[in-house]
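Undergrad: Input structure: target11.tsv, which contains TSV, C-alpha atoms.
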```tsv
chain	number	residue	atom	x	y	z
C	1	MET	CA	16.54	20.48	5.22
C	2	ASN	CA	17.06	16.94	4.00
C	3	ILE	CA	13.78	15.02	3.62
C	4	GLN	CA	13.58	11.35	2.64
C	5	LEU	CA	10.54	9.20	1.89
C	6	PRO	CA	11.86	5.67	2.49
C	7	ALA	CA	11.33	2.91	-0.02
C	8	GLU	CA	9.08	0.08	1.16
C	9	TRP	CA	12.04	-2.29	1.28
C	10	SER	CA	13.71	-0.16	3.98
C	11	GLU	CA	13.94	-1.87	7.37
C	12	GLN	CA	10.60	-1.67	9.14
C	13	LYS	CA	9.63	-1.19	12.75
C	14	PHE	CA	6.07	-2.48	12.39
C	15	VAL	CA	3.12	-2.92	10.03
C	16	GLN	CA	-0.42	-1.67	10.66
C	17	LEU	CA	-3.64	-3.59	10.09
C	18	THR	CA	-7.01	-1.95	10.69
C	19	TRP	CA	-9.32	-4.84	11.55
C	20	PRO	CA	-12.77	-5.44	10.00
C	21	HIS	CA	-15.88	-5.43	12.19
C	22	GLU	CA	-19.62	-5.85	11.81
C	23	ASN	CA	-20.21	-2.14	11.15
C	24	THR	CA	-17.98	-2.15	8.07
C	25	ASP	CA	-18.76	-3.26	4.53
C	26	TRP	CA	-17.36	-6.66	5.54
C	27	ALA	CA	-20.39	-7.46	7.74
C	28	SER	CA	-21.84	-10.06	5.35
C	29	MET	CA	-18.53	-11.95	5.05
C	30	LEU	CA	-16.82	-11.28	8.37
C	31	ASP	CA	-15.62	-14.84	8.99
C	32	GLU	CA	-14.05	-15.04	5.55
C	33	VAL	CA	-12.20	-11.73	5.79
C	34	ASN	CA	-11.12	-12.41	9.38
C	35	THR	CA	-9.38	-15.55	8.17
C	36	CYS	CA	-7.50	-13.54	5.55
C	37	PHE	CA	-6.47	-10.88	8.09
C	38	VAL	CA	-5.27	-13.54	10.54
C	39	ASN	CA	-3.14	-15.13	7.80
C	40	ILE	CA	-1.58	-11.77	6.97
C	41	ALA	CA	-0.95	-11.06	10.64
C	42	LEU	CA	0.74	-14.42	11.23
C	43	GLU	CA	3.21	-13.87	8.39
C	44	ILE	CA	4.05	-10.37	9.60
C	45	ILE	CA	4.76	-11.35	13.21
C	46	LYS	CA	7.21	-14.00	12.03
C	47	ARG	CA	9.42	-11.14	10.91
C	48	GLU	CA	8.49	-7.90	12.71
C	49	LYS	CA	6.02	-6.24	15.04
C	50	LEU	CA	2.38	-5.63	14.16
C	51	LEU	CA	-0.05	-2.89	15.13
C	52	ILE	CA	-3.71	-3.90	15.03
C	53	VAL	CA	-6.21	-1.06	15.17
C	54	CYS	CA	-9.57	-2.54	16.08
C	55	ARG	CA	-12.89	-1.84	17.71
C	56	ASN	CA	-12.62	-4.70	20.23
C	57	ALA	CA	-9.22	-6.20	21.06
C	58	VAL	CA	-10.62	-9.18	23.00
C	59	SER	CA	-12.71	-10.17	19.99
C	60	VAL	CA	-9.76	-9.96	17.60
C	61	LYS	CA	-7.44	-11.88	19.93
C	62	SER	CA	-9.97	-14.71	20.05
C	63	LEU	CA	-9.51	-15.25	16.30
C	64	PHE	CA	-5.93	-16.48	16.82
C	65	GLU	CA	-5.22	-20.02	17.94
C	66	GLU	CA	-4.28	-20.35	21.60
C	67	ASP	CA	-0.70	-21.41	20.90
C	68	ILE	CA	0.06	-18.27	18.86
C	69	ASP	CA	2.41	-15.86	20.63
C	70	LEU	CA	0.75	-12.45	20.43
C	71	SER	CA	3.58	-10.60	22.17
C	72	LYS	CA	4.66	-8.98	18.88
C	73	ILE	CA	1.18	-7.52	18.34
C	74	HIS	CA	0.10	-4.21	19.82
C	75	PHE	CA	-3.67	-3.79	19.92
C	76	VAL	CA	-5.21	-0.31	19.93
C	77	GLU	CA	-8.96	0.11	20.22
C	78	LEU	CA	-10.34	2.95	18.07
C	79	THR	CA	-13.50	3.60	16.08
C	80	THR	CA	-13.07	2.98	12.35
C	81	ASN	CA	-15.10	3.19	9.14
C	82	ASP	CA	-13.22	0.50	7.26
C	83	THR	CA	-9.95	-1.39	6.93
C	84	TRP	CA	-7.83	0.25	4.23
C	85	ALA	CA	-4.75	1.12	6.30
C	86	ARG	CA	-2.70	1.86	3.20
C	87	ASP	CA	-4.82	4.90	2.52
C	88	HIS	CA	-5.80	6.17	5.96
C	89	GLY	CA	-2.47	5.32	7.59
C	90	GLY	CA	0.22	7.88	8.34
C	91	ILE	CA	3.24	8.27	6.08
C	92	ILE	CA	6.65	8.51	7.75
C	93	VAL	CA	9.44	10.60	6.28
C	94	PHE	CA	12.84	11.40	7.76
C	95	GLU	CA	13.75	15.07	8.11
C	96	ASN	CA	17.47	15.31	8.80
C	97	ARG	CA	17.21	11.63	9.76
C	98	LYS	CA	14.52	12.27	12.35
C	99	PRO	CA	11.10	10.59	11.90
C	100	VAL	CA	8.12	12.76	11.04
C	101	ILE	CA	4.64	11.29	10.69
C	102	TYR	CA	2.65	12.98	7.95
C	103	ASP	CA	-1.10	13.04	8.45
C	104	PHE	CA	-2.80	13.66	5.11
C	105	THR	CA	-6.53	13.83	4.61
C	106	PHE	CA	-8.20	10.60	3.54
C	107	ASN	CA	-11.58	11.40	2.03
C	108	GLY	CA	-12.76	7.97	0.89
C	109	TRP	CA	-11.08	8.12	-2.54
C	110	GLY	CA	-12.67	11.35	-3.64
C	111	MET	CA	-15.67	11.27	-1.28
C	112	LYS	CA	-16.96	7.94	-2.59
C	113	PHE	CA	-17.22	6.40	0.90
C	114	PRO	CA	-17.43	7.63	4.52
C	115	ALA	CA	-14.03	8.19	6.15
C	116	ASN	CA	-14.77	10.46	9.11
C	117	TYR	CA	-13.40	8.01	11.68
C	118	ASP	CA	-10.54	6.65	9.55
C	119	ASN	CA	-9.35	10.19	8.91
C	120	LEU	CA	-8.76	10.62	12.67
C	121	LEU	CA	-6.68	7.50	13.21
C	122	THR	CA	-3.16	8.80	12.56
C	123	ARG	CA	-3.34	11.67	15.05
C	124	GLN	CA	-5.04	9.38	17.61
C	125	LEU	CA	-2.25	6.83	17.25
C	126	PHE	CA	0.36	9.55	17.54
C	127	LYS	CA	-1.18	10.83	20.77
C	128	ARG	CA	-0.90	7.31	22.16
C	129	GLY	CA	2.83	7.22	21.37
C	130	ILE	CA	2.56	4.46	18.77
C	131	PHE	CA	5.21	5.98	16.50
C	132	GLY	CA	7.82	6.37	19.22
C	133	GLU	CA	8.86	9.21	21.50
C	134	LYS	CA	11.19	10.75	18.91
C	135	ALA	CA	8.56	10.96	16.17
C	136	VAL	CA	7.12	14.36	15.26
C	137	TYR	CA	3.54	14.82	14.07
C	138	ARG	CA	3.00	16.92	10.94
C	139	ASN	CA	-0.49	18.17	10.08
C	140	CYS	CA	-0.90	17.82	6.31
C	141	LEU	CA	-4.68	17.79	6.37
C	142	ASP	CA	-4.97	20.54	3.78
C	143	PHE	CA	-3.88	17.96	1.18
C	144	VAL	CA	-5.63	14.72	0.17
C	145	LEU	CA	-3.20	11.84	-0.35
C	146	GLU	CA	-3.46	8.06	-0.01
C	147	GLY	CA	-0.49	5.77	0.55
C	148	GLY	CA	-1.56	3.49	-2.28
C	149	SER	CA	-1.27	6.33	-4.77
C	150	ILE	CA	2.50	6.80	-4.47
C	151	GLU	CA	5.63	4.67	-4.81
C	152	SER	CA	9.05	5.80	-3.56
C	153	ASP	CA	12.48	4.46	-4.49
C	154	GLY	CA	13.93	6.04	-1.34
C	155	GLU	CA	16.35	8.06	-3.47
C	156	GLY	CA	14.13	10.97	-4.46
C	157	THR	CA	11.97	9.45	-7.20
C	158	LEU	CA	8.20	9.11	-6.83
C	159	LEU	CA	6.03	7.00	-9.15
C	160	THR	CA	2.33	7.83	-9.37
C	161	THR	CA	-0.66	8.02	-11.71
C	162	SER	CA	-2.30	11.13	-13.12
C	163	GLU	CA	-5.70	9.41	-13.04
C	164	CYS	CA	-5.62	9.37	-9.25
C	165	LEU	CA	-3.71	12.45	-8.18
C	166	LEU	CA	-5.45	14.71	-10.69
C	167	SER	CA	-8.93	13.30	-10.09
C	168	ASP	CA	-11.92	15.34	-9.03
C	169	ASN	CA	-12.81	15.67	-5.33
C	170	ARG	CA	-9.27	15.24	-4.06
C	171	ASN	CA	-7.18	18.39	-4.41
C	172	ASN	CA	-8.49	20.05	-7.58
C	173	LYS	CA	-5.04	21.33	-8.52
C	174	THR	CA	-3.07	21.25	-11.75
C	175	LYS	CA	-0.44	18.63	-12.43
C	176	GLU	CA	2.28	21.23	-11.89
C	177	GLU	CA	0.79	22.29	-8.56
C	178	ILE	CA	0.46	18.68	-7.37
C	179	GLU	CA	4.02	17.87	-8.39
C	180	GLU	CA	5.35	20.92	-6.57
C	181	LYS	CA	3.51	19.89	-3.39
C	182	LEU	CA	4.83	16.33	-3.62
C	183	LYS	CA	8.39	17.60	-4.00
C	184	GLU	CA	7.89	19.89	-1.03
C	185	PHE	CA	6.45	17.17	1.19
C	186	PHE	CA	8.89	14.42	0.30
C	187	GLY	CA	12.10	16.18	-0.74
C	188	LEU	CA	11.84	14.70	-4.22
C	189	LYS	CA	14.15	15.13	-7.16
C	190	ARG	CA	11.43	14.11	-9.62
C	191	VAL	CA	8.00	12.59	-10.13
C	192	LEU	CA	7.34	9.90	-12.74
C	193	TRP	CA	3.74	10.08	-13.96
C	194	LEU	CA	1.87	7.17	-15.48
C	195	ASN	CA	-0.93	8.51	-17.67
C	196	HIS	CA	-2.34	5.12	-18.61
C	197	GLY	CA	-3.26	1.86	-16.90
C	198	TYR	CA	-6.37	0.94	-14.97
C	199	LEU	CA	-8.27	-2.04	-13.57
C	200	ALA	CA	-12.02	-2.40	-13.99
C	201	GLY	CA	-13.91	-2.15	-10.71
C	202	ASP	CA	-11.20	-0.10	-8.98
C	203	ASP	CA	-12.63	2.52	-6.60
C	204	THR	CA	-9.28	4.29	-6.08
C	205	ASP	CA	-9.00	5.94	-9.52
C	206	SER	CA	-6.00	3.80	-10.49
C	207	HIS	CA	-3.74	3.70	-7.47
C	208	VAL	CA	-0.23	2.97	-8.61
C	209	ASP	CA	0.04	0.05	-6.16
C	210	THR	CA	-2.44	-1.88	-8.31
C	211	LEU	CA	-0.41	-1.34	-11.48
C	212	ALA	CA	3.35	-0.77	-11.06
C	213	ARG	CA	5.71	-1.04	-8.07
C	214	PHE	CA	9.29	-0.17	-7.27
C	215	CYS	CA	11.16	-3.31	-6.21
C	216	SER	CA	14.58	-1.65	-6.00
C	217	ILE	CA	16.11	1.60	-7.20
C	218	ASP	CA	16.41	0.15	-10.71
C	219	THR	CA	13.57	-2.40	-10.93
C	220	ILE	CA	9.82	-1.99	-11.45
C	221	ALA	CA	7.27	-4.81	-11.46
C	222	TYR	CA	4.11	-4.06	-13.39
C	223	VAL	CA	0.87	-5.62	-14.59
C	224	LYS	CA	1.07	-6.86	-18.18
C	225	CYS	CA	-1.93	-7.99	-20.22
C	226	ASP	CA	-1.21	-10.34	-23.15
C	227	ASP	CA	-4.81	-11.00	-24.15
C	228	GLU	CA	-5.70	-8.63	-26.97
C	229	LYS	CA	-9.38	-9.35	-26.38
C	230	ASP	CA	-9.19	-8.16	-22.77
C	231	LYS	CA	-10.62	-4.66	-22.23
C	232	HIS	CA	-7.45	-3.72	-20.35
C	233	TYR	CA	-5.05	-4.72	-23.11
C	234	LEU	CA	-4.57	-1.39	-24.91
C	235	ASP	CA	-4.35	0.83	-21.84
C	236	LEU	CA	-1.90	-1.50	-20.06
C	237	LYS	CA	0.15	-1.78	-23.25
C	238	ILE	CA	0.47	2.01	-23.37
C	239	MET	CA	1.40	1.99	-19.66
C	240	GLU	CA	4.12	-0.54	-20.45
C	241	LEU	CA	5.47	1.77	-23.18
C	242	GLU	CA	5.51	4.63	-20.66
C	243	LEU	CA	7.49	2.51	-18.21
C	244	GLN	CA	9.95	1.55	-20.95
C	245	LYS	CA	10.80	5.23	-21.44
C	246	PHE	CA	11.51	5.92	-17.78
C	247	LYS	CA	15.13	6.03	-16.63
C	248	THR	CA	16.75	5.76	-13.23
C	249	LEU	CA	18.47	8.73	-11.63
C	250	LYS	CA	21.70	7.34	-13.10
C	251	GLY	CA	20.24	7.55	-16.59
C	252	LYS	CA	19.68	3.83	-17.21
C	253	PHE	CA	16.41	2.25	-18.28
C	254	TYR	CA	14.60	0.39	-15.53
C	255	ASN	CA	14.67	-3.37	-15.28
C	256	LEU	CA	10.99	-4.12	-15.92
C	257	ILE	CA	9.46	-7.33	-14.60
C	258	PRO	CA	5.99	-8.13	-15.93
C	259	LEU	CA	3.39	-9.65	-13.62
C	260	PRO	CA	0.58	-11.63	-15.23
C	261	MET	CA	-2.83	-10.06	-15.63
C	262	ALA	CA	-4.82	-11.91	-12.99
C	263	THR	CA	-7.65	-14.20	-14.04
C	264	GLY	CA	-10.88	-12.22	-14.12
C	265	VAL	CA	-13.13	-12.33	-11.05
C	266	TYR	CA	-16.70	-11.10	-11.39
C	267	GLU	CA	-19.43	-10.15	-8.94
C	268	ASP	CA	-22.94	-8.91	-9.75
C	269	GLY	CA	-21.96	-8.81	-13.40
C	270	GLY	CA	-18.99	-6.52	-12.83
C	271	ARG	CA	-15.28	-7.27	-12.96
C	272	LEU	CA	-13.23	-6.87	-9.79
C	273	PRO	CA	-9.74	-5.26	-9.76
C	274	VAL	CA	-7.69	-8.41	-9.19
C	275	THR	CA	-3.95	-7.70	-9.31
C	276	TYR	CA	-0.64	-9.25	-8.31
C	277	ALA	CA	0.99	-5.80	-8.05
C	278	ASN	CA	-0.68	-5.30	-4.65
C	279	PHE	CA	2.09	-7.07	-2.72
C	280	LEU	CA	3.63	-5.95	0.58
C	281	ILE	CA	7.38	-5.80	1.17
C	282	ILE	CA	8.31	-6.57	4.79
C	283	ASN	CA	11.54	-7.44	6.59
C	284	GLY	CA	12.99	-10.45	4.77
C	285	ALA	CA	9.91	-11.29	2.72
C	286	VAL	CA	7.31	-10.19	0.22
C	287	LEU	CA	3.68	-11.04	0.97
C	288	MET	CA	1.95	-11.64	-2.36
C	289	PRO	CA	-1.81	-11.86	-2.90
C	290	THR	CA	-3.06	-15.09	-4.48
C	291	TYR	CA	-6.47	-15.87	-5.92
C	292	ASN	CA	-6.70	-19.67	-6.34
C	293	SER	CA	-5.54	-19.28	-9.93
C	294	PRO	CA	-2.87	-21.07	-12.00
C	295	LYS	CA	-1.41	-17.60	-12.55
C	296	ASP	CA	-0.54	-17.38	-8.84
C	297	GLU	CA	2.60	-19.46	-9.39
C	298	ILE	CA	3.63	-17.41	-12.43
C	299	ALA	CA	3.33	-14.22	-10.39
C	300	LYS	CA	5.39	-15.76	-7.59
C	301	ILE	CA	8.17	-16.73	-9.99
C	302	GLN	CA	8.23	-13.21	-11.44
C	303	LEU	CA	8.33	-11.55	-8.03
C	304	GLN	CA	11.19	-13.82	-6.98
C	305	LYS	CA	13.17	-12.33	-9.87
C	306	ALA	CA	12.47	-8.87	-8.48
C	307	PHE	CA	13.33	-9.89	-4.91
C	308	PRO	CA	16.01	-12.63	-5.15
C	309	ASP	CA	17.02	-12.22	-1.50
C	310	ARG	CA	13.51	-12.30	0.01
C	311	GLU	CA	11.05	-15.08	0.59
C	312	ILE	CA	7.90	-14.74	-1.54
C	313	VAL	CA	4.89	-15.75	0.56
C	314	GLY	CA	1.49	-16.18	-1.06
C	315	ILE	CA	-1.66	-15.32	0.91
C	316	ASN	CA	-5.13	-16.03	-0.40
C	317	CYS	CA	-6.85	-12.66	-0.87
C	318	ASN	CA	-10.09	-13.71	-2.53
C	319	ALA	CA	-11.94	-12.24	0.44
C	320	LEU	CA	-10.28	-8.82	0.05
C	321	ILE	CA	-10.95	-8.56	-3.66
C	322	LYS	CA	-14.69	-8.83	-3.00
C	323	GLN	CA	-14.45	-5.33	-1.54
C	324	ARG	CA	-12.23	-4.20	-4.43
C	325	GLY	CA	-8.93	-4.23	-2.57
C	326	SER	CA	-6.07	-6.59	-1.85
C	327	LEU	CA	-3.09	-7.23	0.41
C	328	HIS	CA	-1.14	-3.98	0.08
C	329	CYS	CA	-4.37	-2.00	0.45
C	330	VAL	CA	-5.06	-3.29	3.98
C	331	THR	CA	-1.53	-2.79	5.31
C	332	MET	CA	0.79	0.12	6.06
C	333	GLN	CA	4.45	-0.30	6.97
C	334	TYR	CA	6.41	2.05	9.22
C	335	PRO	CA	10.20	2.22	8.85
C	336	ILE	CA	12.79	2.06	11.59
C	337	ASN	CA	13.63	5.25	13.48
C	338	LYS	CA	16.88	6.13	11.74
C	339	GLU	CA	17.93	8.61	14.40
C	340	LYS	CA	17.78	5.83	16.99
C	341	GLU	CA	19.71	3.48	14.70
C	342	LEU	CA	22.54	6.00	14.26
C	343	LYS	CA	23.10	6.14	18.01
C	344	LYS	CA	23.66	2.43	18.39
```
Written as C-alpha cells, how would this file's structure read?
TA:
Amino acid sequence: MNIQLPAEWSEQKFVQLTWPHENTDWASMLDEVNTCFVNIALEIIKREKLLIVCRNAVSVKSLFEEDIDLSKIHFVELTTNDTWARDHGGIIVFENRKPVIYDFTFNGWGMKFPANYDNLLTRQLFKRGIFGEKAVYRNCLDFVLEGGSIESDGEGTLLTTSECLLSDNRNNKTKEEIEEKLKEFFGLKRVLWLNHGYLAGDDTDSHVDTLARFCSIDTIAYVKCDDEKDKHYLDLKIMELELQKFKTLKGKFYNLIPLPMATGVYEDGGRLPVTYANFLIINGAVLMPTYNSPKDEIAKIQLQKAFPDREIVGINCNALIKQRGSLHCVTMQYPINKEKELKK
C-alpha cells in the first residue's frame, strides 16, 4: 500500500480554526484573541475555504463586519476545551491516493491540560461529513501525536524533535519504537530527529513547528539565535549544526534559511515562546505571525526567500503568544482529495 503524508504546501481544500470562548483560558482576553482569529480567518477565505469549530456560530458570525462574505466559511457547533487545532485536529494521509483521516489521541501535551472535548472533535467532524464522502476514518487513538510535532516534505521524510515525541506521558516508547510507528502510519522512508532546540515557556515540549519547518523538499527555515547572552543561544546553535548535517533524499545538503530569534516577550516574570517559525502555508500565501517588533520585517524577508512564489502576509499574534502559542498552533490545513482530482 502506498501511503503519503502531504507537505503543507500541497493544495488545500480548507483550513480549520477552533474558536475561543468564555470557558477557555482566553476568557480574560476574549476580545483581543477574537480580533486575532478574525484576522486569520479573513486571510484564509481570500484563498480557500475555512472550517470554524465553535460553541456558538451566531456569536462568532457577529464578530465579522456585515459586508464580509461568509459563504466560504462552514460553521460547526461542538463543545471544546481550547483552540489549538494544530494538535487536536485530524491528520489526512493518502492511501493509494484515497484520503484517510487519522484520529490520534491528543492528551493536552502530556496531560498538562484538559483535552477531553478536543480529543473528540475529529471523529465528530467526520460523522458530520466535513472531510468529504470519499474520506475514510482511521482510529489511531492508541497513539498520542500532535500535528505541531511533525513536519512532512511530502516525499517520505519526516522532521521532528526527540524532546517531544520521546517525552513522558505521551507514548512511553523508545525512539526506535516511535520511529517504526511513524513509518507505519505515514509510509515514511526516514525520520530526521532534532535532539536540540527549545523555547522558554513552551508547553508542547519543543514542537518542531516552533523551531524548524520544511518550506520545500530541499529547504528548511529555522530559528537562529545570534545573541550569545541569550539563554537559547547554545541549544539553538547545536540545533543549527544538526540541521547542517541533514541531507535531502537526493543526497544534497538542505538550503537552510535562518529566521531571527524573536524579541523576548515576558509575562509574570517568565519568557513566552515567541517564534517566527510558527507560520501557516496556505494556497498562494504564507501567513506569518508578527509581534509588533522590528524583527517582523526581517522574518518576512527571510520567509520570502523560502517562498518566492507566495505572498507573505503578516498577522499580529501578540494575543496568541499570551497563551504560549501562535499562528500555526491554532490552525490545521486539510489537503485536496487527490482521488477526486484524478477524475477531473
Undergrad: For CA of Lys72 in chain C and CA of Val15 in chain C, quote the distance in Å rounded to one decimal.
TA: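 That distance, rounded to one decimal, is 10.8 Å.
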Undergrad: So which one's closest to Phe185 in chain C, C:Asn292, C:Leu5, C:Tyr117, C:Lys112? Using only C-alpha atoms, please.
TA: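 Nearest candidate to Phe185 in chain C out of C:Asn292, C:Leu5, C:Tyr117, C:Lys112: C:Leu5.
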Undergrad: Which residues are near Tyr233 in chain C? Cut-off 12 Å, only C-alpha atoms, ignore same chain within fewer than 4 positions. Put them as a list of chain:residue names.
TA: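 The neighbour list is C:His196, C:Gly197, C:Tyr198, C:Leu199, C:Ala200, C:Val223, C:Lys224, C:Cys225, C:Asp226, C:Asp227, C:Glu228, C:Lys229, C:Lys237, C:Ile238, C:Met239, C:Glu240, C:Pro260, C:Met261.
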Undergrad: Restricting the calculation to all atoms listed in the file, which member of C:Phe131, C:Phe75, C:Phe186, C:Tyr137 is positioned closest to Tyr102 in chain C?
TA: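 Smallest separation from Tyr102 in chain C among the options: C:Tyr137.
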Undergrad: Box in all listed atoms of range 18-27 of chain C, axis-aligned, with 4 Å more on each side; write out centre and edge lengths in Å to one decimal as lines of an AutoDock Vina configuration file.
TA:
```
center_x = -13.7
center_y = -4.7
center_z = 8.4
size_x = 21.4
size_y = 13.5
size_z = 15.7
```
Undergrad: I'd like the interatomic distance between CA of Glu177 in chain C and CA of Arg190 in chain C, to a tenth of an Å.
TA: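 One can read the CA of Glu177 in chain C to CA of Arg190 in chain C distance as 13.5 Å.
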Undergrad: Could you tell me how far CA of Gly148 in chain C sits from CA of Glu77 in chain C, in Å to one decimal place?
TA: 23.9 Å
Undergrad: Set the distance at 7 Å and use only C-alpha atoms: which residues neighbour Ala262 in chain C once local chain neighbours fewer than 3 positions away are removed? I'd like the list as an mmCIF file with C-alpha atoms, in the frame of the given file.
TA:
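Printed below is result_3.cif as written:
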```
data_model
loop_
_atom_site.group_PDB
_atom_site.id
_atom_site.type_symbol
_atom_site.label_atom_id
_atom_site.label_comp_id
_atom_site.auth_asym_id
_atom_site.auth_seq_id
_atom_site.Cartn_x
_atom_site.Cartn_y
_atom_site.Cartn_z
ATOM 1 C CA VAL C 274 -7.690 -8.410 -9.190
ATOM 2 C CA THR C 275 -3.950 -7.700 -9.310
ATOM 3 C CA TYR C 276 -0.640 -9.250 -8.310
ATOM 4 C CA LYS C 295 -1.410 -17.600 -12.550
#
```
Undergrad: Find the residues near Val265 in chain C: any atom within 10 Å, counting only C-alpha atoms, skip ones fewer than 5 places away on the same chain, and give them as a PyMOL selection string.
TA: chain C and resi 270-274+291+318+321-322
Undergrad: Counting all atoms listed in the file, which of C:Val60, C:Gly284, C:Ile257, C:Leu158 gets nearest to Ile301 in chain C?
TA: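 Of C:Val60, C:Gly284, C:Ile257, C:Leu158, the one nearest Ile301 in chain C is C:Ile257, counting all atoms listed in the file.
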Undergrad: Write out as a list in words the residues lying within 7 Å of Glu163 in chain C, counting all atoms listed in the file and excluding same-chain residues fewer than 3 positions away.
TA: Leu166, Ser167, Asn195, Asp205 and Ser206 of chain C
